[in-house]
Amino acid sequence: KTPTTEEVGGRLKVMTGEQGILDIEGDINIPLSDKWALRAFAFTREDDGFMTNPGSLSPVFGVDYNQPEDVGAFEQSGGRLVLHGDITDRVSITASARYNEYDGPVNNWAREMGTPGNLQYPFTLDTNLNPTHERETFGARFEINAEFDNFDFKSITSYTDTESDRHTDVDLTQLWFFNTFRPETMEVLTQEFRFSSNSDGPLQWVGGIYLMDFEETMNSFLDFGWIILEADDPSVHVQVPFETRREDKGNLAAFGNVTYEIGQWELGLGLRIDRWESEEEAVDIGHSASKDDVEVLPKLSVTRHLSENSMTYLTVSKGFEPGGWVGIADGAPPVYGPNGEKTLAGFDPEEAIQYEFGWKGSSADGRLQATAAVFFIDYDNRQFEFIVPNPSGDGTLIDGIENIGDSEQRGLEASVTWRASEYLQIAAAYGYISAEWDDNTILPDGSANLGGQTPPQIIDKSLSLTANFQKPAFSGFDWLANFQLSHNGTMEGGKPSGGTVTNPEFTVLNLQVGLVSDSWELLINLDNALNEKYYTDIEPFPNFGFGGLTGTEPAEIIIGTHGHPRLFTASATYRF
């Protein structure tokens, strides 16, 4: 929230519950004068997580690696300061700084041995190394707003600096097959200058310039254990470079949008011209490459007001994902261009054109509101992780990003909100997507034709239903009850290169009851009340476990990212 000069005020919230959760957060607004104010926010959270490591002995040497039992335990804390004030009657500034630190798991991965329709959803991760992630982030933002006679001006500057270390047990077993250690740094600087109209006339416009500079370094390594080295000593291991890169990406864009009202019609035209560039160096071997290009991204919109309470619209717009380079992992052959020069394997931009036609309306004095829309998206040069050919033409392969091909997706979205009474509001939303690769979409290695198949990471249908009830109770308090039901349909998880597997549909119900007043909020929360077991993402994965290596288990398993099981918490919030 932007600080205000009205009065000192703030909030203190404490939440506790299952999994040893203790979450404390608070903020305070402090007027410094009649034109300047400060707001401070801070939080801390401890959580034991819901996954455990049983700490079994290694199946060959019987070694106990003594890993903590709570695989998913994490601690997180952070804070933010925001200063806001008026320089003159027409010029104001807002400046903020934030800091956040996290110490916990990389993710909630599970080693799934079942098959779709008969998944086991294990909450144990029996590994010789718990996955861990330590991350620190600092950010700052500076905004200037100025009002002139014929237009308004806004400048937004932001900076983010993140350092993180990630350890992952790739085989997810008590075998020491191989682990990864991935230290990473990232710096992002953005600058936007925006000019916009401030009149009440039929012509409205906005335009400006946007700049982004992104720098990332990665100096990671693979830690190969005794089994892959065929050693007779369980302590034998070798560390080799894995991802060693320095990457610099940038965007410089000019943008503008104009709308004009003619009676019941509103016409809009937008244009963004975006110059992107990507430079990358594989620092351990000195191979580097750079590329840049310009994207022209138009947008057209037509709106028709059917009445005071309803309108229909049509939009056509283009977007893109910049191209880039593929780093060289350890053991992969160096990359040389056609003239023998050192280079990297590259990939081109991914582009998309979206068409959307929709309607929005309300009735019963606004107590009933509804929206509906259909859309079609035409993708070109979809980017996915893949095994790509070495540009040198020597027949060797490199693991990285590749443009797989073109795809189309179409769908619909609808929502309705109903103020059923003074105390009750009900809302529902539905979405459906159908997507497929274009005919004769051939994988880069020629191994398969994806034509007509569904691309990964597309949820075919989704449904949500919410109900919010609030009614006066006693002594200035209101009864509060919230109901939130969400349903996700099936999704193909994985990558086109390694194959996909169907993630089953799932439904999650959240409930909340309590008492609220101007000063107090006392709530009891039950998340995933039906204790639905589900994965937010799954993908096929080689079975590096002992059973997979000896042939007593399937050669391929599923890696699933758990959704959160049922969780009971209670919170108290005091506002002053």
# chains A, B, ... in the order shown; residues from 1 in each chain; ligands from 1
>>> select_by_dssp(residues="range 283-491 of chain A", states="strand (DSSP E)", output="VMD selection string")
chain A and resid 287 to 307 310 to 321 324 to 326 345 to 347 350 to 363 368 to 389 397 to 419 424 to 437 461 to 474 477 to 488 491
>>> residues_around(residues="range 358-373 of chain A", least_positions_apart="4", cutoff="8 Å", atoms="only C-alpha atoms", output="tab-separated table (two decimals) with all heavy atoms, in the first residue's frame")
chain	number	residue	atom	x	y	z
A	309	ASN	N	-25.40	-1.25	-19.42
A	309	ASN	CA	-24.97	-2.35	-18.56
A	309	ASN	C	-24.30	-3.50	-19.31
A	309	ASN	O	-24.04	-4.55	-18.72
A	309	ASN	CB	-26.16	-2.90	-17.78
A	309	ASN	CG	-26.81	-1.84	-16.91
A	309	ASN	OD1	-26.11	-1.08	-16.25
A	309	ASN	ND2	-28.13	-1.78	-16.93
A	310	SER	N	-24.04	-3.34	-20.60
A	310	SER	CA	-23.41	-4.45	-21.32
A	310	SER	C	-22.60	-3.93	-22.50
A	310	SER	O	-22.87	-2.86	-23.04
A	310	SER	CB	-24.46	-5.44	-21.82
A	310	SER	OG	-25.25	-4.88	-22.84
A	311	MET	N	-21.58	-4.70	-22.85
A	311	MET	CA	-20.72	-4.35	-23.97
A	311	MET	C	-20.12	-5.61	-24.54
A	311	MET	O	-20.03	-6.64	-23.88
A	311	MET	CB	-19.61	-3.39	-23.52
A	311	MET	CG	-18.78	-3.87	-22.34
A	311	MET	SD	-17.35	-4.87	-22.76
A	311	MET	CE	-16.23	-3.57	-23.24
A	312	THR	N	-19.70	-5.51	-25.81
A	312	THR	CA	-19.01	-6.61	-26.47
A	312	THR	C	-17.73	-6.06	-27.07
A	312	THR	O	-17.62	-4.86	-27.36
A	312	THR	CB	-19.89	-7.25	-27.56
A	312	THR	OG1	-19.24	-8.40	-28.09
A	312	THR	CG2	-20.18	-6.26	-28.68
A	313	TYR	N	-16.73	-6.92	-27.26
A	313	TYR	CA	-15.43	-6.44	-27.72
A	313	TYR	C	-14.74	-7.50	-28.57
A	313	TYR	O	-15.02	-8.70	-28.48
A	313	TYR	CB	-14.54	-6.08	-26.53
A	313	TYR	CG	-14.16	-7.27	-25.66
A	313	TYR	CD1	-13.00	-7.99	-25.92
A	313	TYR	CD2	-14.97	-7.67	-24.61
A	313	TYR	CE1	-12.66	-9.08	-25.15
A	313	TYR	CE2	-14.64	-8.75	-23.83
A	313	TYR	CZ	-13.49	-9.47	-24.10
A	313	TYR	OH	-13.16	-10.55	-23.34
A	314	LEU	N	-13.80	-7.05	-29.38
A	314	LEU	CA	-12.93	-7.90	-30.18
A	314	LEU	C	-11.52	-7.35	-30.09
A	314	LEU	O	-11.31	-6.14	-30.28
A	314	LEU	CB	-13.38	-7.93	-31.65
A	314	LEU	CG	-12.43	-8.62	-32.63
A	314	LEU	CD1	-12.39	-10.12	-32.37
A	314	LEU	CD2	-12.84	-8.32	-34.07
A	412	LEU	N	-12.57	-21.12	-24.35
A	412	LEU	CA	-13.59	-20.18	-23.89
A	412	LEU	C	-13.45	-19.98	-22.40
A	412	LEU	O	-12.94	-20.84	-21.67
A	412	LEU	CB	-14.99	-20.67	-24.25
A	412	LEU	CG	-15.48	-21.99	-23.66
A	412	LEU	CD1	-16.16	-21.78	-22.31
A	412	LEU	CD2	-16.44	-22.67	-24.61
A	413	GLU	N	-13.89	-18.83	-21.94
A	413	GLU	CA	-13.91	-18.48	-20.53
A	413	GLU	C	-15.23	-17.81	-20.21
A	413	GLU	O	-15.74	-17.03	-21.02
A	413	GLU	CB	-12.75	-17.54	-20.18
A	413	GLU	CG	-11.37	-18.13	-20.38
A	413	GLU	CD	-10.26	-17.13	-20.11
A	413	GLU	OE1	-10.57	-15.91	-20.12
A	413	GLU	OE2	-9.11	-17.54	-19.91
A	414	ALA	N	-15.79	-18.11	-19.06
A	414	ALA	CA	-17.04	-17.50	-18.63
A	414	ALA	C	-17.04	-17.34	-17.12
A	414	ALA	O	-16.47	-18.17	-16.40
A	414	ALA	CB	-18.24	-18.34	-19.07
A	415	SER	N	-17.66	-16.29	-16.64
A	415	SER	CA	-17.74	-16.07	-15.19
A	415	SER	C	-19.03	-15.34	-14.86
A	415	SER	O	-19.58	-14.60	-15.69
A	415	SER	CB	-16.55	-15.26	-14.68
A	415	SER	OG	-16.59	-13.94	-15.18
A	416	VAL	N	-19.51	-15.54	-13.64
A	416	VAL	CA	-20.71	-14.86	-13.17
A	416	VAL	C	-20.54	-14.57	-11.68
A	416	VAL	O	-20.01	-15.40	-10.93
A	416	VAL	CB	-21.98	-15.70	-13.43
A	416	VAL	CG1	-21.90	-17.04	-12.72
A	416	VAL	CG2	-23.23	-14.94	-13.02
A	417	THR	N	-20.94	-13.39	-11.26
A	417	THR	CA	-20.92	-12.99	-9.85
A	417	THR	C	-22.31	-12.51	-9.47
A	417	THR	O	-22.89	-11.66	-10.16
A	417	THR	CB	-19.89	-11.87	-9.61
A	417	THR	OG1	-18.60	-12.32	-10.01
A	417	THR	CG2	-19.85	-11.49	-8.14
A	418	TRP	N	-22.83	-13.04	-8.37
A	418	TRP	CA	-24.20	-12.74	-7.95
A	418	TRP	C	-24.21	-12.31	-6.50
A	418	TRP	O	-23.77	-13.05	-5.62
A	418	TRP	CB	-25.08	-13.99	-8.14
A	418	TRP	CG	-26.50	-13.81	-7.69
A	418	TRP	CD1	-27.28	-12.71	-7.83
A	418	TRP	CD2	-27.30	-14.78	-7.04
A	418	TRP	NE1	-28.52	-12.92	-7.30
A	418	TRP	CE2	-28.57	-14.20	-6.80
A	418	TRP	CE3	-27.09	-16.11	-6.62
A	418	TRP	CZ2	-29.61	-14.89	-6.16
A	418	TRP	CZ3	-28.11	-16.80	-5.99
A	418	TRP	CH2	-29.36	-16.18	-5.78
A	419	ARG	N	-24.67	-11.08	-6.26
A	419	ARG	CA	-24.90	-10.61	-4.90
A	419	ARG	C	-26.27	-11.11	-4.49
A	419	ARG	O	-27.30	-10.49	-4.71
A	419	ARG	CB	-24.82	-9.09	-4.86
A	419	ARG	CG	-25.24	-8.46	-3.55
A	419	ARG	CD	-24.31	-8.82	-2.40
A	419	ARG	NE	-22.98	-8.23	-2.52
A	419	ARG	CZ	-22.05	-8.34	-1.58
A	419	ARG	NH1	-22.29	-9.04	-0.47
A	419	ARG	NH2	-20.86	-7.80	-1.77
A	420	ALA	N	-26.30	-12.32	-3.88
A	420	ALA	CA	-27.56	-12.99	-3.59
A	420	ALA	C	-28.36	-12.26	-2.52
A	420	ALA	O	-29.60	-12.29	-2.53
A	420	ALA	CB	-27.29	-14.43	-3.15
>>> atom_distance(atom1="CA of Trp176 in chain A", atom2="CA of Ile538 in chain A")
23.3 Å
>>> residues_around(residues="Leu57 in chain A", least_positions_apart="2", cutoff="12 Å", atoms="only C-alpha atoms", output="MDAnalysis selection string")
chainID A and resid 53:55 59:67 126:128 173:176 234
>>> closest_atom_pairs(of="range 305-394 of chain A", to="range 280-283 of chain A", cutoff="9 Å", atoms="only C-alpha atoms", output="CSV")
residue,atom,partner,partner_atom,distance
A:Gly324,CA,A:Glu280,CA,8.1
A:Trp325,CA,A:Glu280,CA,6.6
A:Val326,CA,A:Glu280,CA,8.4
A:Gly327,CA,A:Ala282,CA,6.2
A:Ile328,CA,A:Ala282,CA,6.4
A:Ala329,CA,A:Ala282,CA,8.8
A:Thr343,CA,A:Glu281,CA,8.8
A:Leu344,CA,A:Glu281,CA,8.2
>>> residues_around(residues="Gly250 in chain A", least_positions_apart="5", cutoff="7 Å", atoms="only C-alpha atoms", output="list in words")
Met212, Asp213, Phe214, Trp276, Glu277 and Ser278 of chain A
>>> closest_residue(among="A:Arg566, A:His167, A:Lys495, A:His487", to="Ile404 in chain A", atoms="only C-alpha atoms")
A:Lys495
